[in-house]
Structure formats: C-alpha cells, structure tokens
file target_20.cif (mmCIF, C-alpha atoms; chains and numbers go by the auth columns)
data_protein
#
loop_
_atom_site.group_PDB
_atom_site.id
_atom_site.type_symbol
_atom_site.label_atom_id
_atom_site.label_comp_id
_atom_site.label_asym_id
_atom_site.label_seq_id
_atom_site.Cartn_x
_atom_site.Cartn_y
_atom_site.Cartn_z
_atom_site.B_iso_or_equiv
_atom_site.auth_seq_id
_atom_site.auth_asym_id
ATOM 1 C CA MET A 1 -9.587 -7.208 -4.574 0.00 802 S
ATOM 2 C CA ILE A 2 -7.031 -7.324 -1.747 0.00 803 S
ATOM 3 C CA ILE A 3 -3.735 -9.027 -2.530 0.00 804 S
ATOM 4 C CA PRO A 4 -2.386 -10.787 0.576 0.00 805 S
ATOM 5 C CA VAL A 5 1.117 -9.487 1.303 0.00 806 S
ATOM 6 C CA GLU A 6 2.401 -12.944 2.149 0.00 807 S
ATOM 7 C CA GLN A 7 1.547 -14.159 -1.377 0.00 808 S
ATOM 8 C CA LEU A 8 3.882 -11.648 -3.021 0.00 809 S
ATOM 9 C CA GLN A 9 7.542 -12.257 -3.699 0.00 810 S
ATOM 10 C CA GLN A 10 9.760 -9.855 -1.737 0.00 811 S
ATOM 11 C CA ASP A 11 11.057 -8.047 -4.832 0.00 812 S
ATOM 12 C CA THR A 12 7.498 -7.554 -6.117 0.00 813 S
ATOM 13 C CA LEU A 13 6.369 -6.215 -2.748 0.00 814 S
ATOM 14 C CA LEU A 14 9.300 -3.791 -2.609 0.00 815 S
ATOM 15 C CA ALA A 15 8.571 -2.580 -6.148 0.00 816 S
ATOM 16 C CA ILE A 16 4.927 -1.870 -5.196 0.00 817 S
ATOM 17 C CA ILE A 17 6.025 -0.034 -2.039 0.00 818 S
ATOM 18 C CA ASP A 18 8.681 1.975 -3.930 0.00 819 S
ATOM 19 C CA GLU A 19 6.166 3.017 -6.572 0.00 820 S
ATOM 20 C CA PHE A 20 3.689 4.021 -3.857 0.00 821 S
ATOM 21 C CA ILE A 21 6.272 6.137 -2.019 0.00 822 S
ATOM 22 C CA LEU A 22 7.376 7.911 -5.184 0.00 823 S
ATOM 23 C CA ARG A 23 3.832 8.450 -6.480 0.00 824 S
ATOM 24 C CA GLU A 24 2.250 9.572 -3.243 0.00 825 S
ATOM 25 C CA GLY A 25 5.028 11.798 -1.962 0.00 826 S
ATOM 26 C CA THR A 26 3.852 10.567 1.421 0.00 827 S
ATOM 27 C CA ASP A 27 4.227 12.983 4.335 0.00 828 S
ATOM 28 C CA TYR A 28 5.926 11.430 7.345 0.00 829 S
ATOM 29 C CA GLY A 29 5.615 14.330 9.751 0.00 830 S
ATOM 30 C CA LEU A 30 8.080 16.890 10.977 0.00 831 S
ATOM 31 C CA GLN A 31 11.134 14.657 10.716 0.00 832 S
ATOM 32 C CA GLU A 32 12.477 13.570 7.366 0.00 833 S
ATOM 33 C CA CYS A 33 12.712 9.821 6.862 0.00 834 S
ATOM 34 C CA SER A 34 15.077 8.004 4.567 0.00 835 S
ATOM 35 C CA HIS A 35 13.593 5.971 1.752 0.00 836 S
ATOM 36 C CA GLN A 36 14.486 2.784 3.639 0.00 837 S
ATOM 37 C CA GLN A 37 12.680 4.022 6.763 0.00 838 S
ATOM 38 C CA LYS A 38 9.577 4.752 4.675 0.00 839 S
ATOM 39 C CA VAL A 39 9.717 1.262 3.155 0.00 840 S
ATOM 40 C CA LEU A 40 9.974 -0.304 6.619 0.00 841 S
ATOM 41 C CA GLN A 41 7.072 1.778 7.943 0.00 842 S
ATOM 42 C CA ILE A 42 4.840 0.738 5.056 0.00 843 S
ATOM 43 C CA GLN A 43 5.879 -2.925 5.389 0.00 844 S
ATOM 44 C CA GLU A 44 4.980 -2.836 9.091 0.00 845 S
ATOM 45 C CA GLN A 45 1.584 -1.280 8.341 0.00 846 S
ATOM 46 C CA LEU A 46 0.911 -3.890 5.649 0.00 847 S
ATOM 47 C CA THR A 47 1.863 -6.690 8.039 0.00 848 S
ATOM 48 C CA SER A 48 -0.335 -5.264 10.800 0.00 849 S
ATOM 49 C CA GLY A 49 -3.299 -4.933 8.427 0.00 850 S
ATOM 50 C CA ARG A 50 -3.582 -1.144 8.696 0.00 851 S
ATOM 51 C CA LEU A 51 -2.686 -0.879 5.002 0.00 852 S
ATOM 52 C CA VAL A 52 -3.704 -3.258 2.211 0.00 853 S
ATOM 53 C CA ILE A 53 -2.534 -3.843 -1.345 0.00 854 S
ATOM 54 C CA VAL A 54 -5.484 -3.574 -3.708 0.00 855 S
ATOM 55 C CA PHE A 55 -5.759 -4.727 -7.314 0.00 856 S
ATOM 56 C CA SER A 56 -8.354 -2.959 -9.439 0.00 857 S
ATOM 57 C CA GLU A 57 -9.691 -5.358 -12.043 0.00 858 S
ATOM 58 C CA ALA A 58 -11.437 -2.509 -13.862 0.00 859 S
ATOM 59 C CA TYR A 59 -8.247 -0.460 -14.290 0.00 860 S
ATOM 60 C CA GLU A 60 -5.695 -3.270 -13.940 0.00 861 S
ATOM 61 C CA THR A 61 -3.751 -1.259 -11.363 0.00 862 S
ATOM 62 C CA VAL A 62 -2.255 -1.959 -7.955 0.00 863 S
ATOM 63 C CA ASN A 63 -2.446 0.492 -5.066 0.00 864 S
ATOM 64 C CA ILE A 64 -1.736 0.638 -1.353 0.00 865 S
ATOM 65 C CA MET A 65 -4.487 2.099 0.779 0.00 866 S
ATOM 66 C CA LEU A 66 -5.806 2.200 4.313 0.00 867 S
ATOM 67 C CA ALA A 67 -7.737 -0.969 5.101 0.00 868 S
ATOM 68 C CA GLU A 68 -10.511 1.153 6.587 0.00 869 S
ATOM 69 C CA GLN A 69 -10.755 3.215 3.406 0.00 870 S
ATOM 70 C CA PHE A 70 -10.943 0.053 1.284 0.00 871 S
ATOM 71 C CA GLN A 71 -13.735 -1.345 3.469 0.00 872 S
ATOM 72 C CA GLN A 72 -15.710 1.894 3.192 0.00 873 S
ATOM 73 C CA GLN A 73 -15.261 1.931 -0.577 0.00 874 S
ATOM 74 C CA SER A 74 -16.312 -1.703 -0.863 0.00 875 S
ATOM 75 C CA ALA A 75 -19.402 -1.108 1.265 0.00 876 S
ATOM 76 C CA SER A 76 -20.521 1.805 -0.925 0.00 877 S
ATOM 77 C CA ASP A 77 -19.796 -0.017 -4.214 0.00 878 S
ATOM 78 C CA PRO A 78 -23.107 -1.189 -5.726 0.00 879 S
ATOM 79 C CA SER A 79 -21.571 -4.213 -7.508 0.00 880 S
#

call {"tool": "encode", "arguments": {"input": "target_20.cif", "output": "structure tokens"}}
result
Amino acid sequence: MIIPVEQLQQDTLLAIIDEFILREGTDYGLQECSHQQKVLQIQEQLTSGRLVIVFSEAYETVNIMLAEQFQQQSASDPS
C-alpha cells in the first residue's frame, strides 16, 4: 500500500528518508553528496511521484521504492 507523502508529518517523513539513506547506502554518482543533499533529492523524487513510500502489511515495514518498480510488483502479485 502506498502512503501519500502529504499525509505524513514532516518529522516522520524525515525519519523514513534517513533510515532509507542509511540502509540503502544509495549511490549518488561520481560526486559525493552531503546527507542533507540526499534528503532533498529523495524529497523531490517523492513529491514528483518518481519514488513512493510503501507499507507492507505482511511484514509491517515501510520502504521507499521507485513508483515504476512498485507498479510492476503490484501487477505481478496474484492477490
């Protein structure tokens, strides 16, 4: 299930983004980015709809993923 970004409190959204950055060790290309720059990039991608925040009811977890990837996963899910 997608959690709309605008329904989250700012501190909750930042905590989800921080956890994602630390867990994923996301690669931002040849130039190093500060943590704040990474947060801003992810916020922009969430706002634009390129990324989505997904809650897994089965595992009771929250993740950030590409919207396209989520749609593909949902289409292949038999439930």

call {"tool": "closest_residue", "arguments": {"input": "target_20.cif", "among": "S:Met866, S:Ile803, S:Ile822, S:Ala816", "to": "Lys839 of chain S", "atoms": "all atoms listed in the file"}}
result
S:Ile822

call {"tool": "resolve_selection", "arguments": {"input": "target_20.cif", "expression": "the PyMOL selection byres ((chain S and resi 855) around 12)", "output": "PyMOL selection string"}}
result
chain S and resi 802-806+817+821+847+852-854+856-868+870-872+874-875

call {"tool": "write_last_selection", "arguments": {"input": "target_20.cif", "atoms": "C-alpha atoms", "output": "PDB file, keeping the file's coordinate frame"}}
result
ATOM      1  CA  MET S 802      -9.587  -7.208  -4.574  1.00  0.00           C
ATOM      2  CA  ILE S 803      -7.031  -7.324  -1.747  1.00  0.00           C
ATOM      3  CA  ILE S 804      -3.735  -9.027  -2.530  1.00  0.00           C
ATOM      4  CA  PRO S 805      -2.386 -10.787   0.576  1.00  0.00           C
ATOM      5  CA  VAL S 806       1.117  -9.487   1.303  1.00  0.00           C
ATOM      6  CA  ILE S 817       4.927  -1.870  -5.196  1.00  0.00           C
ATOM      7  CA  PHE S 821       3.689   4.021  -3.857  1.00  0.00           C
ATOM      8  CA  LEU S 847       0.911  -3.890   5.649  1.00  0.00           C
ATOM      9  CA  LEU S 852      -2.686  -0.879   5.002  1.00  0.00           C
ATOM     10  CA  VAL S 853      -3.704  -3.258   2.211  1.00  0.00           C
ATOM     11  CA  ILE S 854      -2.534  -3.843  -1.345  1.00  0.00           C
ATOM     12  CA  PHE S 856      -5.759  -4.727  -7.314  1.00  0.00           C
ATOM     13  CA  SER S 857      -8.354  -2.959  -9.439  1.00  0.00           C
ATOM     14  CA  GLU S 858      -9.691  -5.358 -12.043  1.00  0.00           C
ATOM     15  CA  ALA S 859     -11.437  -2.509 -13.862  1.00  0.00           C
ATOM     16  CA  TYR S 860      -8.247  -0.460 -14.290  1.00  0.00           C
ATOM     17  CA  GLU S 861      -5.695  -3.270 -13.940  1.00  0.00           C
ATOM     18  CA  THR S 862      -3.751  -1.259 -11.363  1.00  0.00           C
ATOM     19  CA  VAL S 863      -2.255  -1.959  -7.955  1.00  0.00           C
ATOM     20  CA  ASN S 864      -2.446   0.492  -5.066  1.00  0.00           C
ATOM     21  CA  ILE S 865      -1.736   0.638  -1.353  1.00  0.00           C
ATOM     22  CA  MET S 866      -4.487   2.099   0.779  1.00  0.00           C
ATOM     23  CA  LEU S 867      -5.806   2.200   4.313  1.00  0.00           C
ATOM     24  CA  ALA S 868      -7.737  -0.969   5.101  1.00  0.00           C
ATOM     25  CA  GLN S 870     -10.755   3.215   3.406  1.00  0.00           C
ATOM     26  CA  PHE S 871     -10.943   0.053   1.284  1.00  0.00           C
ATOM     27  CA  GLN S 872     -13.735  -1.345   3.469  1.00  0.00           C
ATOM     28  CA  GLN S 874     -15.261   1.931  -0.577  1.00  0.00           C
ATOM     29  CA  SER S 875     -16.312  -1.703  -0.863  1.00  0.00           C
TER      30      SER S 875
END

call {"tool": "atom_distance", "arguments": {"input": "target_20.cif", "atom1": "atom CA of Gln810 of chain S", "atom2": "atom CA of Gln873 of chain S"}}
result
28.1 Å

call {"tool": "atom_distance", "arguments": {"input": "target_20.cif", "atom1": "atom CA of Leu814 of chain S", "atom2": "atom CA of Gln844 of chain S"}}
result
8.8 Å

call {"tool": "atom_distance", "arguments": {"input": "target_20.cif", "atom1": "atom CA of Ser849 of chain S", "atom2": "atom CA of Asp878 of chain S"}}
result
25.1 Å

call {"tool": "axis_aligned_box", "arguments": {"input": "target_20.cif", "around": "segment 832-839 of chain S", "padding_each_side": "5 Å", "output": "AutoDock Vina command-line options"}}
result
--center_x 12.3 --center_y 8.7 --center_z 6.2 --size_x 15.5 --size_y 21.9 --size_z 19.0

call {"tool": "closest_residue", "arguments": {"input": "target_20.cif", "among": "S:Leu809, S:Ala876, S:Leu823, S:Ile818", "to": "Glu845 of chain S", "atoms": "all atoms listed in the file"}}
result
S:Ile818
